[in-house]
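start-v9.txt follows; it contains compact mmCIF, N, CA, C and O atoms.
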```
# COMPACT_ATOMS: atom_id res chain seq x y z
N VAL I 1 15.38 2.57 2.75
CA VAL I 1 14.86 2.83 4.08
C VAL I 1 15.12 1.60 4.94
O VAL I 1 14.50 0.56 4.73
N ASN I 2 16.03 1.72 5.86
CA ASN I 2 16.38 0.58 6.71
C ASN I 2 15.63 0.58 8.02
O ASN I 2 15.38 -0.47 8.58
N GLU I 3 15.29 1.76 8.52
CA GLU I 3 14.65 1.84 9.82
C GLU I 3 13.65 2.98 9.85
O GLU I 3 13.68 3.85 8.99
N ILE I 4 12.78 2.92 10.84
CA ILE I 4 11.86 4.03 11.05
C ILE I 4 12.62 5.07 11.86
O ILE I 4 13.14 4.78 12.93
N ARG I 5 12.72 6.27 11.30
CA ARG I 5 13.42 7.38 11.93
C ARG I 5 12.68 8.65 11.56
O ARG I 5 11.77 8.60 10.74
N PRO I 6 13.03 9.78 12.14
CA PRO I 6 12.37 11.02 11.73
C PRO I 6 12.60 11.32 10.25
O PRO I 6 13.71 11.12 9.73
N TYR I 7 11.54 11.74 9.57
CA TYR I 7 11.63 12.09 8.14
C TYR I 7 10.94 13.41 7.90
O TYR I 7 9.94 13.72 8.55
N SER I 8 11.43 14.15 6.91
CA SER I 8 10.74 15.35 6.45
C SER I 8 9.70 14.92 5.41
O SER I 8 9.73 13.78 4.92
N ALA I 9 8.80 15.82 5.06
CA ALA I 9 7.79 15.51 4.04
C ALA I 9 8.48 15.16 2.72
O ALA I 9 8.06 14.25 2.00
N LYS I 10 9.54 15.88 2.39
CA LYS I 10 10.28 15.62 1.14
C LYS I 10 10.90 14.23 1.16
O LYS I 10 10.85 13.50 0.16
N GLU I 11 11.47 13.84 2.28
CA GLU I 11 12.07 12.50 2.39
C GLU I 11 10.99 11.42 2.27
O GLU I 11 11.21 10.40 1.61
N LEU I 12 9.84 11.64 2.89
CA LEU I 12 8.74 10.68 2.77
C LEU I 12 8.29 10.58 1.32
O LEU I 12 8.02 9.48 0.81
N ALA I 13 8.22 11.72 0.63
CA ALA I 13 7.85 11.72 -0.78
C ALA I 13 8.83 10.90 -1.60
O ALA I 13 8.43 10.10 -2.46
N ASP I 14 10.12 11.06 -1.33
CA ASP I 14 11.14 10.29 -2.04
C ASP I 14 10.99 8.79 -1.79
O ASP I 14 11.12 7.98 -2.71
N ILE I 15 10.69 8.43 -0.55
CA ILE I 15 10.52 7.02 -0.20
C ILE I 15 9.33 6.42 -0.94
O ILE I 15 9.40 5.31 -1.45
N TYR I 16 8.23 7.18 -1.00
CA TYR I 16 7.02 6.69 -1.67
C TYR I 16 7.08 6.85 -3.19
O TYR I 16 6.22 6.37 -3.91
N GLY I 17 8.09 7.58 -3.67
CA GLY I 17 8.25 7.75 -5.11
C GLY I 17 7.25 8.72 -5.72
O GLY I 17 6.84 8.56 -6.88
N VAL I 18 6.83 9.71 -4.94
CA VAL I 18 5.90 10.73 -5.43
C VAL I 18 6.43 12.10 -5.03
O VAL I 18 7.43 12.20 -4.32
N CYS I 19 5.75 13.17 -5.46
CA CYS I 19 6.20 14.51 -5.06
C CYS I 19 5.67 14.82 -3.67
O CYS I 19 4.74 14.19 -3.17
N ASP I 20 6.28 15.82 -3.03
CA ASP I 20 5.90 16.13 -1.65
C ASP I 20 4.46 16.66 -1.55
O ASP I 20 3.79 16.44 -0.55
N LYS I 21 3.95 17.31 -2.61
CA LYS I 21 2.55 17.75 -2.60
C LYS I 21 1.62 16.55 -2.49
O LYS I 21 0.60 16.61 -1.79
N THR I 22 1.94 15.47 -3.17
CA THR I 22 1.11 14.26 -3.15
C THR I 22 1.11 13.65 -1.75
O THR I 22 0.05 13.29 -1.23
N VAL I 23 2.27 13.56 -1.12
CA VAL I 23 2.34 13.00 0.24
C VAL I 23 1.53 13.86 1.19
O VAL I 23 0.78 13.33 2.02
N LYS I 24 1.63 15.16 1.07
CA LYS I 24 0.86 16.05 1.95
C LYS I 24 -0.64 15.85 1.74
O LYS I 24 -1.41 15.87 2.68
N LYS I 25 -1.05 15.66 0.48
CA LYS I 25 -2.46 15.41 0.17
C LYS I 25 -2.92 14.08 0.80
O LYS I 25 -4.01 14.00 1.35
N TRP I 26 -2.07 13.06 0.72
CA TRP I 26 -2.39 11.75 1.32
C TRP I 26 -2.53 11.87 2.84
O TRP I 26 -3.35 11.20 3.45
N MET I 27 -1.69 12.70 3.45
CA MET I 27 -1.66 12.79 4.91
C MET I 27 -2.73 13.72 5.48
O MET I 27 -3.03 13.65 6.67
N LYS I 28 -3.33 14.55 4.64
CA LYS I 28 -4.32 15.51 5.12
C LYS I 28 -5.48 14.83 5.87
O LYS I 28 -5.83 15.26 6.97
N PRO I 29 -6.08 13.74 5.33
CA PRO I 29 -7.20 13.12 6.06
C PRO I 29 -6.80 12.48 7.39
O PRO I 29 -7.64 12.26 8.25
N ILE I 30 -5.53 12.15 7.56
CA ILE I 30 -5.08 11.51 8.81
C ILE I 30 -4.25 12.47 9.66
O ILE I 30 -3.60 12.07 10.62
N GLY I 31 -4.32 13.76 9.34
CA GLY I 31 -3.54 14.77 10.05
C GLY I 31 -3.81 14.81 11.55
O GLY I 31 -2.90 15.03 12.34
N ASP I 32 -5.09 14.60 11.94
CA ASP I 32 -5.42 14.60 13.37
C ASP I 32 -4.71 13.47 14.11
O ASP I 32 -4.32 13.61 15.25
N GLN I 33 -4.54 12.32 13.44
CA GLN I 33 -3.87 11.17 14.05
C GLN I 33 -2.35 11.35 14.09
O GLN I 33 -1.71 10.94 15.03
N ILE I 34 -1.83 12.00 13.05
CA ILE I 34 -0.38 12.21 12.97
C ILE I 34 0.05 13.31 13.94
O ILE I 34 1.06 13.18 14.63
N GLY I 35 -0.70 14.39 13.98
CA GLY I 35 -0.31 15.54 14.78
C GLY I 35 0.63 16.45 14.00
O GLY I 35 1.05 16.12 12.90
N LYS I 36 0.94 17.58 14.59
CA LYS I 36 1.83 18.54 13.92
C LYS I 36 3.28 18.11 14.03
O LYS I 36 3.69 17.58 15.05
N LYS I 37 4.02 18.36 12.94
CA LYS I 37 5.45 18.07 13.02
C LYS I 37 6.14 19.20 13.75
O LYS I 37 5.68 20.34 13.73
N HIS I 38 7.22 18.88 14.40
CA HIS I 38 7.99 19.88 15.13
C HIS I 38 9.23 20.19 14.29
O HIS I 38 10.07 19.33 14.09
N GLY I 39 9.29 21.39 13.76
CA GLY I 39 10.38 21.72 12.86
C GLY I 39 10.12 21.09 11.50
O GLY I 39 8.99 21.01 11.04
N ARG I 40 11.17 20.61 10.87
CA ARG I 40 11.07 20.04 9.52
C ARG I 40 10.61 18.59 9.52
O ARG I 40 10.20 18.08 8.48
N TYR I 41 10.75 17.90 10.65
CA TYR I 41 10.62 16.45 10.64
C TYR I 41 9.41 15.93 11.40
O TYR I 41 9.01 16.49 12.41
N TYR I 42 8.86 14.82 10.88
CA TYR I 42 7.89 14.04 11.64
C TYR I 42 8.69 13.12 12.54
O TYR I 42 9.66 12.50 12.09
N ASN I 43 8.30 12.99 13.82
CA ASN I 43 9.07 12.14 14.73
C ASN I 43 8.77 10.66 14.47
O ASN I 43 7.92 10.32 13.64
N VAL I 44 9.50 9.79 15.16
CA VAL I 44 9.39 8.34 14.93
C VAL I 44 7.96 7.84 15.12
O VAL I 44 7.45 7.07 14.31
N ALA I 45 7.30 8.30 16.18
CA ALA I 45 5.91 7.87 16.43
C ALA I 45 5.00 8.31 15.28
O ALA I 45 4.13 7.54 14.85
N GLN I 46 5.21 9.52 14.78
CA GLN I 46 4.40 10.01 13.66
C GLN I 46 4.68 9.22 12.39
O GLN I 46 3.75 8.89 11.64
N VAL I 47 5.94 8.89 12.14
CA VAL I 47 6.31 8.12 10.95
C VAL I 47 5.67 6.73 11.01
O VAL I 47 5.18 6.22 10.00
N LYS I 48 5.64 6.12 12.20
CA LYS I 48 4.98 4.82 12.34
C LYS I 48 3.51 4.91 11.95
O LYS I 48 2.99 4.05 11.24
N ILE I 49 2.83 5.97 12.40
CA ILE I 49 1.42 6.17 12.06
C ILE I 49 1.26 6.36 10.55
O ILE I 49 0.37 5.77 9.92
N ILE I 50 2.13 7.16 9.96
CA ILE I 50 2.08 7.41 8.51
C ILE I 50 2.23 6.09 7.76
O ILE I 50 1.46 5.79 6.84
N PHE I 51 3.22 5.27 8.13
CA PHE I 51 3.44 3.99 7.46
C PHE I 51 2.25 3.05 7.66
O PHE I 51 1.87 2.31 6.76
N GLU I 52 1.64 3.06 8.87
CA GLU I 52 0.48 2.22 9.13
C GLU I 52 -0.71 2.63 8.28
O GLU I 52 -1.41 1.79 7.72
N LYS I 53 -0.96 3.93 8.17
CA LYS I 53 -2.13 4.44 7.46
C LYS I 53 -1.96 4.44 5.95
O LYS I 53 -2.90 4.13 5.22
N LEU I 54 -0.77 4.80 5.47
CA LEU I 54 -0.55 4.88 4.03
C LEU I 54 0.01 3.59 3.45
O LEU I 54 0.09 3.43 2.25
N GLY I 55 0.40 2.67 4.31
CA GLY I 55 1.03 1.43 3.85
C GLY I 55 2.54 1.61 3.80
O GLY I 55 3.03 2.73 3.68
N LEU I 56 3.24 0.51 3.89
CA LEU I 56 4.70 0.58 3.81
C LEU I 56 5.12 0.96 2.40
O LEU I 56 4.57 0.43 1.43
N PRO I 57 6.07 1.85 2.27
CA PRO I 57 6.57 2.19 0.93
C PRO I 57 7.22 0.98 0.29
O PRO I 57 7.71 0.09 0.97
N CYS I 58 7.25 0.94 -1.04
CA CYS I 58 7.83 -0.18 -1.78
C CYS I 58 9.28 -0.45 -1.36
O CYS I 58 9.69 -1.59 -1.27
N LYS I 59 10.03 0.62 -1.11
CA LYS I 59 11.44 0.45 -0.77
C LYS I 59 11.59 -0.32 0.55
O LYS I 59 12.51 -1.10 0.69
N VAL I 60 10.67 -0.11 1.48
CA VAL I 60 10.72 -0.83 2.75
C VAL I 60 10.34 -2.29 2.52
O VAL I 60 10.98 -3.21 3.01
N LYS I 61 9.29 -2.51 1.71
CA LYS I 61 8.83 -3.87 1.43
C LYS I 61 9.92 -4.69 0.74
O LYS I 61 10.13 -5.84 1.03
N GLU I 62 10.61 -4.07 -0.23
CA GLU I 62 11.67 -4.76 -0.98
C GLU I 62 12.78 -5.24 -0.05
O GLU I 62 13.26 -6.34 -0.18
N GLN I 63 13.18 -4.40 0.90
CA GLN I 63 14.26 -4.76 1.78
C GLN I 63 13.82 -5.79 2.81
O GLN I 63 14.63 -6.56 3.29
N ALA I 64 12.53 -5.82 3.14
CA ALA I 64 12.03 -6.78 4.10
C ALA I 64 11.93 -8.17 3.48
O ALA I 64 12.00 -9.18 4.16
N ALA I 65 11.78 -8.23 2.17
CA ALA I 65 11.60 -9.52 1.47
C ALA I 65 12.91 -10.29 1.36
O ALA I 65 13.98 -9.81 1.48
```

Hey, can you dump this file as structure tokens for me?
Amino acid sequence: VNEIRPYSAKELADIYGVCDKTVKKWMKPIGDQIGKKHGRYYNVAQVKIIFEKLGLPCKVKEQAA
């Protein structure tokens, strides 16, 4: 993951190294803050909120180091 860009739930699951059901479960309590996705993807603003609330995925941290 080099940049924050629109991601699908499946792509977010891959980034976090979990299944998409797990990511959806993690995002359920913060759903009001994220808002509804339009089509398959969460937009850049939504992805920023997801990363802020769930923490940066390991893959992002590794590349930042």

Test item: axis-aligned box, all listed atoms of segment 43-56 of chain I, 5 Å on each side, centre and edges in Å rounded to one decimal, as AutoDock Vina command-line options:
```
--center_x 3.3 --center_y 6.7 --center_z 8.9 --size_x 22.4 --size_y 22.6 --size_z 25.0
```

Residues around (12.6, 13.4, 14.5), cut-off 7 Å, counting only C-alpha atoms - what are they as a ChimeraX atom specification?
/I:5-7,41-44

Would you pick out the contacts of Gln46 of chain I at 7 Å or less, using all atoms listed in the file, so that residues sharing its chain but fewer than 3 positions from it are not included, and give the list as a PyMOL selection string?
chain I and resi 33-35+42-43+49-52

Residues flagged helix (DSSP H, G or I) by DSSP in chain I, as a PyMOL selection string:
chain I and resi 9-16+20-34+44-54+58-64

Tell me, in Å to one decimal, how far atom O of Pro57 of chain I is from atom C of Gly39 of chain I.
23.6 Å

Select from chain I everything DSSP, run on the backbone, classes as strand (DSSP E), then give the selection as a compact mmCIF listing (two decimals) with N, CA, C and O atoms, in the frame of the given file.
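Contents of the output file result07.txt:
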```txt
# COMPACT_ATOMS: atom_id res chain seq x y z
N TYR I 7 11.54 11.74 9.57
CA TYR I 7 11.63 12.09 8.14
C TYR I 7 10.94 13.41 7.90
O TYR I 7 9.94 13.72 8.55
N SER I 8 11.43 14.15 6.91
CA SER I 8 10.74 15.35 6.45
C SER I 8 9.70 14.92 5.41
O SER I 8 9.73 13.78 4.92
N TYR I 41 10.75 17.90 10.65
CA TYR I 41 10.62 16.45 10.64
C TYR I 41 9.41 15.93 11.40
O TYR I 41 9.01 16.49 12.41
N TYR I 42 8.86 14.82 10.88
CA TYR I 42 7.89 14.04 11.64
C TYR I 42 8.69 13.12 12.54
O TYR I 42 9.66 12.50 12.09
```

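When only C-alpha atoms are used to compute distances to Glu11 of chain I, the closest of the residues I:Ala45, I:Leu56, I:Ile30, I:Val23 turns out to be I:Val23.
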
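For the pair atom N of Lys24 of chain I and atom C of Leu12 of chain I, the separation is 8.1 Å.
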
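Reported to one decimal place, the separation of atom CA of His38 of chain I from atom CA of Ala9 of chain I is 11.9 Å.
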